[in-house]
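Report on the following structure.
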Amino acid sequence: MAETLIAGIVVFVLATFLGVELINRVPATLHTPLMSGANAISGITVVGAIIVAGSGLGWISNVLGFLAVVFAMMNVAGGYVVTDRMLQMFKRKPEAK
Amino acid sequence: MPFALRELSYLVAAVFFIIGLKRLSSPATAVQGYRLSGLGMVLAIVLALLDQGIVSYQVIVAGIVVGGGLGLWMARSVKMTSMPQMVALLNGFGGGASLLVGGAEFLKSEVAGEALPLDVSITIQLSVVIGAVTLTGSLIAFAKLQELLSGRPITFPLQKVVNALLFLGIIVLGGMQVMEAESVATLFYAVAGLALLLGILVVIPIGGADMPVVISLLNSYSGIAASMTGFVIRNDVLIIAGALVGSSGIILSQIMCKAMNRSLANVLFGAFGGEVKGSIAASAEGLTVRQVTAEDAAVQLAYAQQVIVVPGYGLAVAQAQHLVRELADLIEKRGGVVKYAIHPVAGRMPGHMNVLLAEANVPYDKLFDMDEINAEFERTDVALVIGANDVVNPAARTDTGSPIYGMPILNVDHAKSTIVMKRGMGSGFAGIENALFFDPKTSMLFGDAKQSLSKLVTEIKAL
């Protein structure tokens with residue numbers, strides 16, 4: 001028990017420092033897509049939601065699981081698609097005049 | 001699937017997320033990089049579907065179809081001007097998902113009548129509390145941005161005391177729950193309920209122009225909540241992805257706070273913009289503003305060698321980004337140079353103005369940060385301020401009594417002349433008069449930004 005908790009804390013702390021390094025390099029012009037992209041990534045809770053929703057432990061866990069999958073999938077689908085939509089706009093090259 | 005293979009595959013998904021964020025360091029590589037991150041998400045979902053604990057798929061499939069469908073619909077139909085609302089909603093749903101997964105894990109143990117190990121018990125509480133605060137806080141932020149609620153701070157007596165008591169209650173009840181040998185549902189519901197209430201109460205006193213900080217912070221919370229859920233279900237990819245999002249939100253909030261010269265605590269607890277201090281509001285009396293007609297403004301712009309456009313929230317409200325681009329094209333055709341100066345807190349979320357202008361096909365190499373462009377104003381013939389106010393108020397540099405004193409601003413008043421497009425003489429969010437409007441070099445073009453811009457376009461075409 002304690003080992004998994006400690007291992008988790010190690011991963012969490014290292015990932016936080018990695019995140020700081022990565023995000024500091026994102027230019028201000030991409031901060032909005034960065035945020036919607038972060039929404040998409042935090043949709044990773046869908047993994048936990050799927051496992052709960054499929055556990056078949058009665059109606060309460062079914063309802064909670066269903067809602068959790070809906071919420072998380074809205075983040076995943078909404079986040080990735082809208083981020084892609086925005087990044088496409090930034091990709092456009094300055095056209096020749 | 002063997003344990004090692006599954007865990008390593010989850011690690012691959014996490015690596016894809018990391019590479020995706022790394023590619024966001026340049027607009028040119030961002031699209032490809034971000035798709036890789038999406039691939040990581042698909043991989044993680046497939047792995048979850050293969051989990052051996054799953055006995056039935058009906059509920060999962062229903063959830064994926066409904067959630068995925070709603071998400072796609074939102075992403076396709078949202079206007080770029082409404083991105084802050086969309087991000088606020090998604091922050092909330094992210095928190096909500098963590099709340100629900102944490103809750104389901106708790107109730108599972110309660111039904112089975114078994115005691116949770118201490119570490120799981122603690123992380124479930126954290127996942128539920130942070131998730132709940134994020135959910136209701138984000139819904140309030142959404143309502144304020146969508147103007148379902150007033151953008152002004154909503155305050156009541158003893159607000160901070162109430163919030164502190166709520167927070168204390170959560171800690172005490174949560175602590176009792178963790179100490180109990182068995183899982184007690186009533187304590188659990190009480191904690192979740194208090195956390196939902198706390199989320200509402202901490203966001204209602206925060207005003208509209210401070211929303212960039214609030215949504216950045218809630219963005220961070222939704223990530224931390226996901227991380228906590230990762231501890232609960234013991235999955236490293238959730239911990240890593242959540243930590244990445246958590247640090248992203250924290251950095252953005254810091255950038256926003258720095259750009260307003262205020263501390264995070266001041267934004268969260270200051271109820272800024274609530275009251276107008278009489279002395280400052282009165283200081284504008286006796287001063288006059290110079291109005292300009294669209295015809296004269298058009299002439300000024302048409303013969304300028306360099307124009308800097310300063311967009312603000314008013315541009316987003318009027319949805320006038322395409323007209324700005326059209327106007328800029330006309331000026332450039334006549335030989336002028338057009339640049340865009342973006343203050344970090346312009347708009348209602350970090351980078352909001354950049355997205356709007358990118359939507360209108362303005363190349364990103366014409367968008368400049370405050371530090372890059374501030375020295376340029378001296379060499380600029382016309383600074384065109386569209387719906388921005390506090391971020392161009394020179395009082396921030398000189399007037400020690402001003403609430404925005406010390407905030408870094410765009411040096412619009414250094415330009416040879418300034419045209420300010422504004423609906424009327426109302427004061428900015430901070431509730432203070434803007435000395436720029438009374439500057440002899442400034443002329444005001446009153447009216448809806450969209451109408452004013454289209455008049456300017458017609459006039460310049462006619463020249």
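Letters A, B, ... go to the chains of the structure tokens in the order shown; residues in each chain start at 1; ligands are counted from 1 in the same order.
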Could you give me, as a PDB file with all heavy atoms, in the first residue's frame, the residues within 7 Å of Leu356 (chain B), counting only C-alpha atoms and dropping anything in the same chain fewer than 2 positions from it?
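File written: part.pdb
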ATOM      1  N   MET B  80     -15.342  31.432 -31.911  1.00  0.00           N
ATOM      2  CA  MET B  80     -14.047  31.714 -31.299  1.00  0.00           C
ATOM      3  C   MET B  80     -14.168  32.772 -30.204  1.00  0.00           C
ATOM      4  O   MET B  80     -13.397  32.772 -29.249  1.00  0.00           O
ATOM      5  CB  MET B  80     -13.042  32.167 -32.353  1.00  0.00           C
ATOM      6  CG  MET B  80     -12.555  31.032 -33.218  1.00  0.00           C
ATOM      7  SD  MET B  80     -11.753  29.752 -32.231  1.00  0.00           S
ATOM      8  CE  MET B  80     -12.477  28.280 -32.926  1.00  0.00           C
ATOM      9  N   THR B  81     -15.153  33.673 -30.342  1.00  0.00           N
ATOM     10  CA  THR B  81     -15.345  34.678 -29.300  1.00  0.00           C
ATOM     11  C   THR B  81     -15.803  34.029 -27.992  1.00  0.00           C
ATOM     12  O   THR B  81     -15.632  34.596 -26.926  1.00  0.00           O
ATOM     13  CB  THR B  81     -16.403  35.712 -29.732  1.00  0.00           C
ATOM     14  OG1 THR B  81     -17.503  35.014 -30.293  1.00  0.00           O
ATOM     15  CG2 THR B  81     -15.849  36.653 -30.772  1.00  0.00           C
ATOM     16  N   GLN B 321     -13.511  40.925 -35.486  1.00  0.00           N
ATOM     17  CA  GLN B 321     -12.146  40.572 -35.883  1.00  0.00           C
ATOM     18  C   GLN B 321     -11.933  40.540 -37.398  1.00  0.00           C
ATOM     19  O   GLN B 321     -10.869  40.916 -37.900  1.00  0.00           O
ATOM     20  CB  GLN B 321     -11.715  39.244 -35.237  1.00  0.00           C
ATOM     21  CG  GLN B 321     -12.489  38.006 -35.638  1.00  0.00           C
ATOM     22  CD  GLN B 321     -13.687  37.753 -34.736  1.00  0.00           C
ATOM     23  OE1 GLN B 321     -14.320  38.681 -34.252  1.00  0.00           O
ATOM     24  NE2 GLN B 321     -14.021  36.495 -34.515  1.00  0.00           N
ATOM     25  N   HIS B 352      -6.739  34.928 -25.846  1.00  0.00           N
ATOM     26  CA  HIS B 352      -8.047  35.053 -26.480  1.00  0.00           C
ATOM     27  C   HIS B 352      -7.983  35.894 -27.767  1.00  0.00           C
ATOM     28  O   HIS B 352      -8.511  35.524 -28.803  1.00  0.00           O
ATOM     29  CB  HIS B 352      -8.999  35.696 -25.465  1.00  0.00           C
ATOM     30  CG  HIS B 352     -10.437  35.646 -25.842  1.00  0.00           C
ATOM     31  ND1 HIS B 352     -11.393  36.351 -25.163  1.00  0.00           N
ATOM     32  CD2 HIS B 352     -11.096  34.998 -26.811  1.00  0.00           C
ATOM     33  CE1 HIS B 352     -12.567  36.123 -25.707  1.00  0.00           C
ATOM     34  NE2 HIS B 352     -12.413  35.296 -26.715  1.00  0.00           N
ATOM     35  N   MET B 353      -7.283  37.047 -27.679  1.00  0.00           N
ATOM     36  CA  MET B 353      -7.203  37.951 -28.832  1.00  0.00           C
ATOM     37  C   MET B 353      -6.444  37.299 -29.990  1.00  0.00           C
ATOM     38  O   MET B 353      -6.791  37.474 -31.149  1.00  0.00           O
ATOM     39  CB  MET B 353      -6.483  39.243 -28.440  1.00  0.00           C
ATOM     40  CG  MET B 353      -7.255  40.094 -27.472  1.00  0.00           C
ATOM     41  SD  MET B 353      -8.803  40.609 -28.214  1.00  0.00           S
ATOM     42  CE  MET B 353      -9.940  40.068 -26.988  1.00  0.00           C
ATOM     43  N   ASN B 354      -5.404  36.545 -29.651  1.00  0.00           N
ATOM     44  CA  ASN B 354      -4.609  35.890 -30.691  1.00  0.00           C
ATOM     45  C   ASN B 354      -5.464  34.924 -31.500  1.00  0.00           C
ATOM     46  O   ASN B 354      -5.344  34.837 -32.717  1.00  0.00           O
ATOM     47  CB  ASN B 354      -3.453  35.117 -30.054  1.00  0.00           C
ATOM     48  CG  ASN B 354      -2.610  35.986 -29.144  1.00  0.00           C
ATOM     49  OD1 ASN B 354      -3.078  36.394 -28.087  1.00  0.00           O
ATOM     50  ND2 ASN B 354      -1.411  36.304 -29.563  1.00  0.00           N
ATOM     51  N   ALA B 358      -6.289  35.207 -35.366  1.00  0.00           N
ATOM     52  CA  ALA B 358      -5.897  34.080 -36.222  1.00  0.00           C
ATOM     53  C   ALA B 358      -7.099  33.600 -37.015  1.00  0.00           C
ATOM     54  O   ALA B 358      -6.987  33.218 -38.182  1.00  0.00           O
ATOM     55  CB  ALA B 358      -5.330  32.941 -35.380  1.00  0.00           C
ATOM     56  N   GLU B 359      -8.272  33.629 -36.385  1.00  0.00           N
ATOM     57  CA  GLU B 359      -9.486  33.217 -37.094  1.00  0.00           C
ATOM     58  C   GLU B 359      -9.728  34.120 -38.299  1.00  0.00           C
ATOM     59  O   GLU B 359     -10.183  33.673 -39.349  1.00  0.00           O
ATOM     60  CB  GLU B 359     -10.697  33.267 -36.151  1.00  0.00           C
ATOM     61  CG  GLU B 359     -11.945  32.678 -36.786  1.00  0.00           C
ATOM     62  CD  GLU B 359     -13.225  32.997 -36.039  1.00  0.00           C
ATOM     63  OE1 GLU B 359     -13.212  33.909 -35.187  1.00  0.00           O
ATOM     64  OE2 GLU B 359     -14.230  32.333 -36.320  1.00  0.00           O
ATOM     65  N   ALA B 360      -9.416  35.397 -38.134  1.00  0.00           N
ATOM     66  CA  ALA B 360      -9.614  36.351 -39.225  1.00  0.00           C
ATOM     67  C   ALA B 360      -8.415  36.353 -40.173  1.00  0.00           C
ATOM     68  O   ALA B 360      -8.244  37.292 -40.949  1.00  0.00           O
ATOM     69  CB  ALA B 360      -9.844  37.742 -38.654  1.00  0.00           C
TER      70      ALA B 360
END
Please find the residues of chain A near chain B - the criterion being any atom within 6 Å, counting only C-alpha atoms - and write them as a PyMOL selection string. chain A and resi 12+15-16+19-20+22-23+25-26+29+31-32+36+38+42+45+47+49-50+53-55+61+64+66+68-75+77-78+81-82+87+89-91+94
Closest to Met35 (chain A) among B:Leu217, B:Gly312, B:Gln146, B:Thr442, using only C-alpha atoms? B:Leu217
For Gly151 (chain B), find every residue with an atom within 6 Å (counting only C-alpha atoms), except residues of its own chain fewer than 3 positions away, and show them as a list in words. Lys144, Gly207 and Gly208 of chain B
Exercise: Lys455 (chain B) partners within 12 Å, only C-alpha atoms, chain neighbours under 3 positions left out, as number ranges by chain: B: 293-298, 323-324, 326-327, 445-452, 458-462
When you draw a straight line from CA of Lys339 (chain B) to CA of Val382 (chain B), how long is it in Å?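 Distance reported for this atom pair: 10.8 Å.
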Region 381-445 of chain B: which residues are strand (DSSP E or B) by DSSP, as a list in words? Val382, Ala383, Leu384, Val385, Ile386, Ser417, Thr418, Ile419, Val420, Met421, Lys422, Thr442, Ser443, Met444 and Leu445 of chain B
